[in-house]
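*Asks:* To be precise about what I am sending: the file is called query30.cif and holds mmCIF, C-alpha atoms.
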```cif
data_coords
#
loop_
_atom_site.group_PDB
_atom_site.id
_atom_site.type_symbol
_atom_site.label_atom_id
_atom_site.label_comp_id
_atom_site.auth_asym_id
_atom_site.auth_seq_id
_atom_site.Cartn_x
_atom_site.Cartn_y
_atom_site.Cartn_z
ATOM 1 C CA MET K 1 54.681 69.786 48.972
ATOM 2 C CA LYS K 2 51.403 67.869 49.264
ATOM 3 C CA LYS K 3 51.582 66.976 45.562
ATOM 4 C CA ASN K 4 55.146 65.678 46.016
ATOM 5 C CA ARG K 5 54.048 63.468 48.921
ATOM 6 C CA ARG K 6 51.229 62.078 46.823
ATOM 7 C CA HIS K 7 53.623 61.341 43.957
ATOM 8 C CA VAL K 8 55.955 59.462 46.324
ATOM 9 C CA LEU K 9 53.028 57.472 47.746
ATOM 10 C CA LEU K 10 51.825 56.626 44.232
ATOM 11 C CA SER K 11 55.310 55.451 43.254
ATOM 12 C CA ILE K 12 55.608 53.235 46.320
ATOM 13 C CA CYS K 13 52.116 51.800 45.883
ATOM 14 C CA MET K 14 52.678 51.020 42.208
ATOM 15 C CA LEU K 15 55.945 49.373 43.159
ATOM 16 C CA CYS K 16 54.210 47.300 45.828
ATOM 17 C CA PHE K 17 51.492 46.179 43.442
ATOM 18 C CA SER K 18 54.115 44.775 41.102
ATOM 19 C CA ILE K 19 57.019 43.423 43.144
ATOM 20 C CA GLN K 20 55.564 40.987 45.645
ATOM 21 C CA MET K 21 58.320 38.678 44.483
ATOM 22 C CA TYR K 22 58.618 36.303 47.395
ATOM 23 C CA SER K 23 54.877 35.698 47.682
ATOM 24 C CA GLN K 24 54.581 35.227 43.913
ATOM 25 C CA LEU K 25 57.464 32.760 43.947
ATOM 26 C CA THR K 26 55.818 30.736 46.741
ATOM 27 C CA ASP K 27 52.135 31.143 45.745
ATOM 28 C CA LEU K 28 51.100 28.649 43.071
ATOM 29 C CA ALA K 29 47.518 29.921 42.896
ATOM 30 C CA ARG K 30 45.477 32.700 44.458
ATOM 31 C CA LEU K 31 41.904 34.000 44.240
ATOM 32 C CA GLU K 32 41.212 37.324 45.958
ATOM 33 C CA TYR K 33 38.490 39.925 46.421
ATOM 34 C CA SER K 34 39.059 43.525 47.575
ATOM 35 C CA PHE K 35 36.476 46.171 48.414
ATOM 36 C CA ILE K 36 36.825 49.872 49.272
ATOM 37 C CA PRO K 37 33.721 52.074 49.571
ATOM 38 C CA LYS K 38 33.926 55.841 49.188
ATOM 39 C CA GLY K 39 33.205 57.700 52.413
ATOM 40 C CA ASN K 40 29.831 59.529 52.471
ATOM 41 C CA SER K 41 29.024 58.289 48.972
ATOM 42 C CA GLU K 42 27.491 55.442 46.979
ATOM 43 C CA ASP K 43 30.757 55.053 45.023
ATOM 44 C CA GLN K 44 32.835 51.921 45.597
ATOM 45 C CA TYR K 45 35.942 50.220 44.299
ATOM 46 C CA THR K 46 36.126 46.438 43.817
ATOM 47 C CA ARG K 47 39.076 44.339 42.669
ATOM 48 C CA LEU K 48 38.992 40.683 41.609
ATOM 49 C CA ARG K 49 42.393 39.023 41.421
ATOM 50 C CA ALA K 50 43.513 35.636 40.106
ATOM 51 C CA LEU K 51 47.099 34.355 40.062
ATOM 52 C CA LEU K 52 48.564 31.126 38.722
ATOM 53 C CA ASN K 53 52.235 30.051 38.687
ATOM 54 C CA PHE K 54 53.946 26.934 37.365
ATOM 55 C CA PRO K 55 57.372 26.165 38.900
ATOM 56 C CA LEU K 56 59.576 24.017 36.670
ATOM 57 C CA LYS K 57 62.610 22.379 38.250
ATOM 58 C CA THR K 58 65.611 22.867 35.976
ATOM 59 C CA SER K 59 68.236 21.327 38.281
ATOM 60 C CA GLU K 60 68.855 20.767 41.989
ATOM 61 C CA ASP K 61 67.430 23.770 43.942
ATOM 62 C CA CYS K 62 66.871 25.722 40.682
ATOM 63 C CA TYR K 63 63.412 26.620 39.396
ATOM 64 C CA LEU K 64 61.923 28.456 36.436
ATOM 65 C CA ILE K 65 58.554 30.031 37.295
ATOM 66 C CA ILE K 66 56.076 30.739 34.514
ATOM 67 C CA GLY K 67 52.738 32.292 35.312
ATOM 68 C CA GLY K 68 50.333 35.136 35.118
ATOM 69 C CA GLU K 69 48.041 37.347 37.128
ATOM 70 C CA TYR K 70 44.777 39.057 36.232
ATOM 71 C CA ASN K 71 43.195 41.961 38.118
ATOM 72 C CA ARG K 72 39.765 43.251 37.157
ATOM 73 C CA ILE K 73 39.033 46.576 38.820
ATOM 74 C CA ILE K 74 35.434 47.769 38.902
ATOM 75 C CA LEU K 75 34.722 51.426 39.668
ATOM 76 C CA ASN K 76 31.083 51.920 40.625
ATOM 77 C CA LEU K 77 30.847 55.699 40.248
ATOM 78 C CA GLU K 78 27.350 56.746 41.332
ATOM 79 C CA ASP K 79 28.054 60.386 42.279
ATOM 80 C CA ASN K 80 27.674 63.235 39.810
ATOM 81 C CA TYR K 81 30.945 64.014 38.026
ATOM 82 C CA PRO K 82 31.752 66.654 35.370
ATOM 83 C CA PHE K 83 32.718 64.009 32.777
ATOM 84 C CA ASP K 84 31.577 60.788 31.121
ATOM 85 C CA LYS K 85 32.072 57.966 33.633
ATOM 86 C CA ASP K 86 31.465 55.040 31.272
ATOM 87 C CA PRO K 87 35.004 54.786 29.753
ATOM 88 C CA LEU K 88 36.602 54.170 33.161
ATOM 89 C CA ARG K 89 34.158 51.888 34.939
ATOM 90 C CA THR K 90 36.296 48.773 34.356
ATOM 91 C CA LEU K 91 40.089 48.475 34.400
ATOM 92 C CA ASN K 92 42.144 45.419 33.486
ATOM 93 C CA ILE K 93 45.651 44.655 34.709
ATOM 94 C CA ILE K 94 47.244 41.575 33.169
ATOM 95 C CA ASP K 95 50.712 40.399 34.169
ATOM 96 C CA PHE K 96 52.826 37.734 32.485
ATOM 97 C CA ASN K 97 55.391 36.456 34.985
ATOM 98 C CA LEU K 98 58.724 34.859 34.168
ATOM 99 C CA GLY K 99 60.956 34.175 37.165
ATOM 100 C CA TYR K 100 64.035 32.159 37.997
ATOM 101 C CA THR K 101 65.458 31.231 41.373
ATOM 102 C CA PHE K 102 68.487 29.218 42.415
ATOM 103 C CA LYS K 103 70.333 28.448 45.619
ATOM 104 C CA LEU K 104 73.594 30.392 45.832
ATOM 105 C CA ASN K 105 74.850 28.592 48.951
ATOM 106 C CA GLN K 106 73.485 27.035 52.127
ATOM 107 C CA ASN K 107 71.882 30.252 53.332
ATOM 108 C CA TRP K 108 71.252 32.471 50.304
ATOM 109 C CA ARG K 109 68.895 32.075 47.366
ATOM 110 C CA ILE K 110 68.867 34.408 44.343
ATOM 111 C CA GLY K 111 65.666 35.235 42.487
ATOM 112 C CA ALA K 112 64.885 37.327 39.427
ATOM 113 C CA LYS K 113 61.618 38.163 37.744
ATOM 114 C CA ILE K 114 60.445 40.056 34.670
ATOM 115 C CA THR K 115 56.787 41.005 34.262
ATOM 116 C CA PRO K 116 55.368 42.497 31.071
ATOM 117 C CA ARG K 117 52.056 44.162 31.967
ATOM 118 C CA ILE K 118 48.893 45.359 30.256
ATOM 119 C CA ALA K 119 47.121 47.982 32.389
ATOM 120 C CA SER K 120 44.213 49.544 30.565
ATOM 121 C CA THR K 121 40.487 49.985 30.167
ATOM 122 C CA LEU K 122 40.771 47.800 27.035
ATOM 123 C CA ASN K 123 38.033 49.702 25.197
ATOM 124 C CA ASN K 124 40.004 49.542 21.933
ATOM 125 C CA LYS K 125 43.040 47.797 20.460
ATOM 126 C CA ILE K 126 46.094 47.543 22.694
ATOM 127 C CA THR K 127 48.759 50.204 22.044
ATOM 128 C CA HIS K 128 52.180 50.915 23.535
ATOM 129 C CA GLU K 129 50.525 53.224 26.098
ATOM 130 C CA ASP K 130 48.773 50.197 27.624
ATOM 131 C CA LEU K 131 52.044 48.255 28.025
ATOM 132 C CA PHE K 132 54.422 48.410 30.987
ATOM 133 C CA LEU K 133 57.473 46.446 32.056
ATOM 134 C CA ASN K 134 58.281 45.512 35.657
ATOM 135 C CA GLY K 135 60.969 43.344 37.171
ATOM 136 C CA GLY K 136 63.440 42.801 39.946
ATOM 137 C CA VAL K 137 66.454 40.928 41.283
ATOM 138 C CA TYR K 138 66.417 39.596 44.852
ATOM 139 C CA ALA K 139 68.698 37.907 47.375
ATOM 140 C CA ILE K 140 66.845 35.822 49.961
ATOM 141 C CA LYS K 141 68.395 34.536 53.168
ATOM 142 C CA ASP K 142 65.830 32.109 54.554
ATOM 143 C CA ARG K 143 66.551 30.643 58.002
ATOM 144 C CA THR K 144 62.909 30.091 58.935
ATOM 145 C CA ASP K 145 63.456 26.316 59.193
ATOM 146 C CA ALA K 146 66.776 26.609 61.061
ATOM 147 C CA THR K 147 67.112 24.632 64.282
ATOM 148 C CA ASP K 148 70.496 26.017 65.355
ATOM 149 C CA ILE K 149 69.199 29.553 66.140
ATOM 150 C CA LYS K 150 66.746 30.708 68.791
ATOM 151 C CA ARG K 151 64.699 33.029 66.550
ATOM 152 C CA PRO K 152 64.450 31.902 62.891
ATOM 153 C CA TYR K 153 64.297 34.689 60.317
ATOM 154 C CA ARG K 154 64.144 35.576 56.627
ATOM 155 C CA LEU K 155 65.794 38.583 54.959
ATOM 156 C CA ILE K 156 65.051 39.719 51.392
ATOM 157 C CA LEU K 157 67.174 42.373 49.675
ATOM 158 C CA GLY K 158 66.580 43.501 46.130
ATOM 159 C CA LEU K 159 66.386 46.046 43.364
ATOM 160 C CA THR K 160 63.142 46.554 41.452
ATOM 161 C CA TYR K 161 62.167 48.419 38.312
ATOM 162 C CA ASN K 162 58.619 49.455 37.511
ATOM 163 C CA THR K 163 57.598 51.631 34.567
ATOM 164 C CA THR K 164 54.193 52.419 36.124
ATOM 165 C CA THR K 165 55.888 54.491 38.843
ATOM 166 C CA GLY K 166 57.271 56.939 36.308
ATOM 167 C CA LEU K 167 60.728 56.671 37.872
ATOM 168 C CA PRO K 168 63.463 55.819 35.307
ATOM 169 C CA PHE K 169 65.732 53.959 37.738
ATOM 170 C CA PRO K 170 65.674 50.845 39.975
ATOM 171 C CA LEU K 171 64.451 51.157 43.551
ATOM 172 C CA PRO K 172 65.716 49.198 46.584
ATOM 173 C CA PHE K 173 63.528 46.610 48.275
ATOM 174 C CA VAL K 174 63.963 45.241 51.828
ATOM 175 C CA ASN K 175 61.814 42.836 53.835
ATOM 176 C CA TYR K 176 62.666 41.228 57.179
ATOM 177 C CA PHE K 177 60.740 38.430 58.931
ATOM 178 C CA ARG K 178 61.507 36.999 62.379
ATOM 179 C CA GLN K 179 59.862 34.210 64.353
ATOM 180 C CA VAL K 180 60.039 35.653 67.866
ATOM 181 C CA ASN K 181 58.782 32.494 69.567
ATOM 182 C CA GLU K 182 56.269 29.702 69.022
ATOM 183 C CA ASN K 183 53.317 32.121 69.099
ATOM 184 C CA TRP K 184 54.650 35.432 67.775
ATOM 185 C CA SER K 185 56.323 36.680 64.596
ATOM 186 C CA LEU K 186 56.950 40.059 63.002
ATOM 187 C CA SER K 187 57.578 41.230 59.442
ATOM 188 C CA LEU K 188 58.998 44.632 58.517
ATOM 189 C CA GLY K 189 59.034 45.976 54.983
ATOM 190 C CA VAL K 190 56.988 47.118 52.008
ATOM 191 C CA PRO K 191 54.203 46.620 50.938
ATOM 192 C CA LYS K 192 53.180 45.309 54.364
ATOM 193 C CA SER K 193 54.517 45.167 57.910
ATOM 194 C CA ASN K 194 52.753 43.051 60.504
ATOM 195 C CA VAL K 195 52.841 41.376 63.892
ATOM 196 C CA THR K 196 51.272 37.910 63.943
ATOM 197 C CA TYR K 197 49.985 35.733 66.785
ATOM 198 C CA TYR K 198 49.610 31.978 66.117
ATOM 199 C CA PHE K 199 46.926 30.227 68.152
ATOM 200 C CA ASN K 200 47.955 26.866 66.679
ATOM 201 C CA ASP K 201 48.944 25.351 63.338
ATOM 202 C CA LYS K 202 45.610 26.348 61.773
ATOM 203 C CA HIS K 203 44.647 29.746 63.194
ATOM 204 C CA SER K 204 46.574 33.011 63.301
ATOM 205 C CA ILE K 205 45.698 36.678 63.678
ATOM 206 C CA GLU K 206 47.739 39.756 62.845
ATOM 207 C CA THR K 207 47.820 43.528 62.978
ATOM 208 C CA PHE K 208 49.231 45.161 59.863
ATOM 209 C CA VAL K 209 50.126 48.385 58.101
ATOM 210 C CA GLY K 210 50.191 48.154 54.320
ATOM 211 C CA LEU K 211 50.053 49.876 50.944
ATOM 212 C CA ASP K 212 47.925 49.098 47.916
ATOM 213 C CA GLY K 213 47.065 50.669 44.596
ATOM 214 C CA TYR K 214 47.023 50.543 40.816
ATOM 215 C CA PHE K 215 47.820 52.563 37.693
ATOM 216 C CA ALA K 216 46.111 52.134 34.331
ATOM 217 C CA HIS K 217 45.794 53.829 30.953
ATOM 218 C CA LEU K 218 42.454 55.106 29.657
ATOM 219 C CA GLN K 219 42.135 54.075 26.004
ATOM 220 C CA LYS K 220 39.353 56.620 25.513
ATOM 221 C CA PRO K 221 40.813 59.909 26.810
ATOM 222 C CA THR K 222 38.249 61.940 28.781
ATOM 223 C CA MET K 223 37.955 65.706 28.988
ATOM 224 C CA VAL K 224 37.607 66.938 32.570
ATOM 225 C CA LEU K 225 37.172 70.653 33.243
ATOM 226 C CA GLY K 226 38.820 71.454 29.923
ATOM 227 C CA LYS K 227 41.788 69.147 30.474
ATOM 228 C CA GLN K 228 42.473 65.759 28.880
ATOM 229 C CA VAL K 229 42.699 62.729 31.173
ATOM 230 C CA ASP K 230 44.792 59.753 29.960
ATOM 231 C CA ASN K 231 45.469 57.715 33.116
ATOM 232 C CA ILE K 232 43.896 56.754 36.424
ATOM 233 C CA SER K 233 45.578 55.704 39.669
ATOM 234 C CA LEU K 234 44.717 54.659 43.196
ATOM 235 C CA SER K 235 47.196 54.768 46.073
ATOM 236 C CA ILE K 236 46.274 53.978 49.678
ATOM 237 C CA ALA K 237 47.908 53.327 53.031
ATOM 238 C CA VAL K 238 45.887 51.137 55.387
ATOM 239 C CA ILE K 239 46.044 49.837 58.961
ATOM 240 C CA GLY K 240 44.024 46.882 60.156
ATOM 241 C CA ILE K 241 43.720 43.342 61.411
ATOM 242 C CA GLY K 242 43.887 40.040 59.536
ATOM 243 C CA TYR K 243 43.043 36.388 60.046
ATOM 244 C CA ASP K 244 44.542 33.295 58.367
ATOM 245 C CA TYR K 245 43.117 29.777 58.409
ATOM 246 C CA ASN K 246 45.327 26.917 57.228
ATOM 247 C CA PHE K 247 43.131 24.248 55.667
ATOM 248 C CA SER K 248 46.363 22.302 55.142
ATOM 249 C CA LYS K 249 50.090 22.990 54.967
ATOM 250 C CA HIS K 250 49.677 24.484 51.494
ATOM 251 C CA LEU K 251 46.070 25.777 51.344
ATOM 252 C CA VAL K 252 45.316 29.011 53.228
ATOM 253 C CA GLY K 253 42.227 31.193 53.536
ATOM 254 C CA TYR K 254 42.668 34.796 54.673
ATOM 255 C CA SER K 255 40.736 37.985 55.422
ATOM 256 C CA TYR K 256 42.008 41.492 56.185
ATOM 257 C CA ILE K 257 39.865 44.394 57.329
ATOM 258 C CA GLY K 258 41.060 47.874 58.142
ATOM 259 C CA HIS K 259 40.794 51.593 57.590
ATOM 260 C CA THR K 260 42.818 53.749 55.236
ATOM 261 C CA PHE K 261 44.845 56.612 56.686
ATOM 262 C CA MET K 262 45.950 57.914 53.289
ATOM 263 C CA MET K 263 43.824 57.765 50.138
ATOM 264 C CA ASN K 264 44.359 59.221 46.669
ATOM 265 C CA ASN K 265 42.221 58.118 43.707
ATOM 266 C CA VAL K 266 43.114 60.449 40.841
ATOM 267 C CA LEU K 267 42.595 61.026 37.128
ATOM 268 C CA ARG K 268 45.890 62.038 35.489
ATOM 269 C CA ASN K 269 47.046 63.522 32.202
ATOM 270 C CA GLN K 270 49.631 62.062 29.810
ATOM 271 C CA ASP K 271 52.460 63.385 31.998
ATOM 272 C CA ARG K 272 50.865 61.714 35.068
ATOM 273 C CA GLU K 273 50.029 65.047 36.646
ATOM 274 C CA ASP K 274 46.872 65.305 38.778
ATOM 275 C CA VAL K 275 43.802 66.552 36.881
ATOM 276 C CA PHE K 276 40.813 65.475 38.999
ATOM 277 C CA THR K 277 40.558 63.757 42.395
ATOM 278 C CA LEU K 278 37.888 61.054 42.504
ATOM 279 C CA ASP K 279 38.407 60.294 46.181
ATOM 280 C CA ASP K 280 40.737 61.332 48.995
ATOM 281 C CA THR K 281 38.495 60.491 51.981
ATOM 282 C CA ASN K 282 39.760 57.730 54.270
ATOM 283 C CA THR K 283 37.439 54.767 54.529
ATOM 284 C CA PHE K 284 36.895 51.043 55.221
ATOM 285 C CA TYR K 285 39.126 48.412 53.546
ATOM 286 C CA LEU K 286 38.480 44.700 52.949
ATOM 287 C CA ARG K 287 40.629 42.048 51.272
ATOM 288 C CA THR K 288 39.879 38.345 51.408
ATOM 289 C CA GLY K 289 40.809 35.253 49.456
ATOM 290 C CA ILE K 290 42.317 31.808 49.285
ATOM 291 C CA LYS K 291 45.794 30.748 48.145
ATOM 292 C CA PHE K 292 47.728 27.577 47.436
ATOM 293 C CA LYS K 293 51.410 27.962 48.318
ATOM 294 C CA ILE K 294 54.581 25.903 48.239
#
```
Render the structure in this file as structure tokens.
*Replies:*
Amino acid sequence: MKKNRRHVLLSICMLCFSIQMYSQLTDLARLEYSFIPKGNSEDQYTRLRALLNFPLKTSEDCYLIIGGEYNRIILNLEDNYPFDKDPLRTLNIIDFNLGYTFKLNQNWRIGAKITPRIASTLNNKITHEDLFLNGGVYAIKDRTDATDIKRPYRLILGLTYNTTTGLPFPLPFVNYFRQVNENWSLSLGVPKSNVTYYFNDKHSIETFVGLDGYFAHLQKPTMVLGKQVDNISLSIAVIGIGYDYNFSKHLVGYSYIGHTFMMNNVLRNQDREDVFTLDDTNTFYLRTGIKFKI
């Protein structure tokens, strides 16, 4: 039962890492740093993330989005482990994004995205085991700028497909945002739900619950306790507090700190079954960065 729960969490986290469609449609550029130390250990996990998108207007209210995202994951493994740590110290996740969005009517916008991905240690030449394909189709009802309703809102409904989850079928996606009043808003969905308080146009603070994680192929398979390891994954659930500072309407700096309440960093075999747990101790979480959005 515990293994099944972990598999579900991994699937959701891998989905979340790949399908942040609305943010990737609205973010033109992003630089981000994440840090997770291992509890009672010198080990630590660091992620550097860079995203760049180019929206091209094809006609009125229709846009083609071309871009990419690079994640460099650094595993500083200082503890003693029963295997060679060198082949998995650095992971690379490279996404190539191709999206299209158009206005269906006054209230609804349709968006679609396909994302070929390389997720690997990149120690050798790229093979089919390093390649993954993600994508999704979304319907977005955005009334956040509406003046004829008391509480503006945004609803996103979609279907997503992600080969890193190991599930051979599309999964539903739902996100709901509501501006409660001038100072408060809430967002419910995956990968993050939050409640935000706006001090003014520049400063806001929020409490959040979110998911994060990754999945990557090890190009140099490692033997651990007599078993071959081909993949590595991290899946976490975290609760915390965040702060946003709007330098301008489009340029935003942000920081989120919190504590994980579910952690699973695992080495896996070719069938994605657990072989060795690197970390399952809940710990501190930090994510900070700057983004330029539409």
*Asks:* Could you spell out the hits of the PyMOL selection byres ((chain K and resi 230-242) around 8) on the shown file, as a PyMOL selection string?
*Replies:* chain K and resi 9-10+13-14+205-222+228-229+243-244+254-270+272+285
*Asks:* For Arg178 of chain K, which residue among K:His203, K:Thr160, K:Val190, K:Pro152 is the nearest when counting all atoms listed in the file?
*Replies:*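 Looking only at the distances to Arg178 of chain K, the closest residue turns out to be K:Pro152.
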*Asks:* The PyMOL selection byres ((chain K and resi 139) around 7) - which residues does that actually catch in the file I just gave you? List them as a list in words.
*Replies:* Trp108, Arg109, Ile110, Gly111, Tyr138, Ile140, Lys141, Ile156, Leu157 and Gly158 of chain K
*Asks:* Point out the residue among K:Asn194, K:Asn40, K:Thr101, K:Asn76 with the least atom-to-atom distance to Lys57 of chain K, counting all atoms listed in the file.
*Replies:*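 Once distances to Lys57 of chain K are computed over all atoms listed in the file, the minimum belongs to K:Thr101.
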*Asks:* Restricting the calculation to all atoms listed in the file, which member of K:Ile149, K:Leu251, K:Leu51, K:Leu77 is positioned closest to Lys38 of chain K?
*Replies:*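 Distance minimum relative to Lys38 of chain K lands on K:Leu77.
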*Asks:* What is the distance between atom CA of Lys291 of chain K and atom CA of Ser248 of chain K, in Å to one decimal?
*Replies:* 11.0 Å
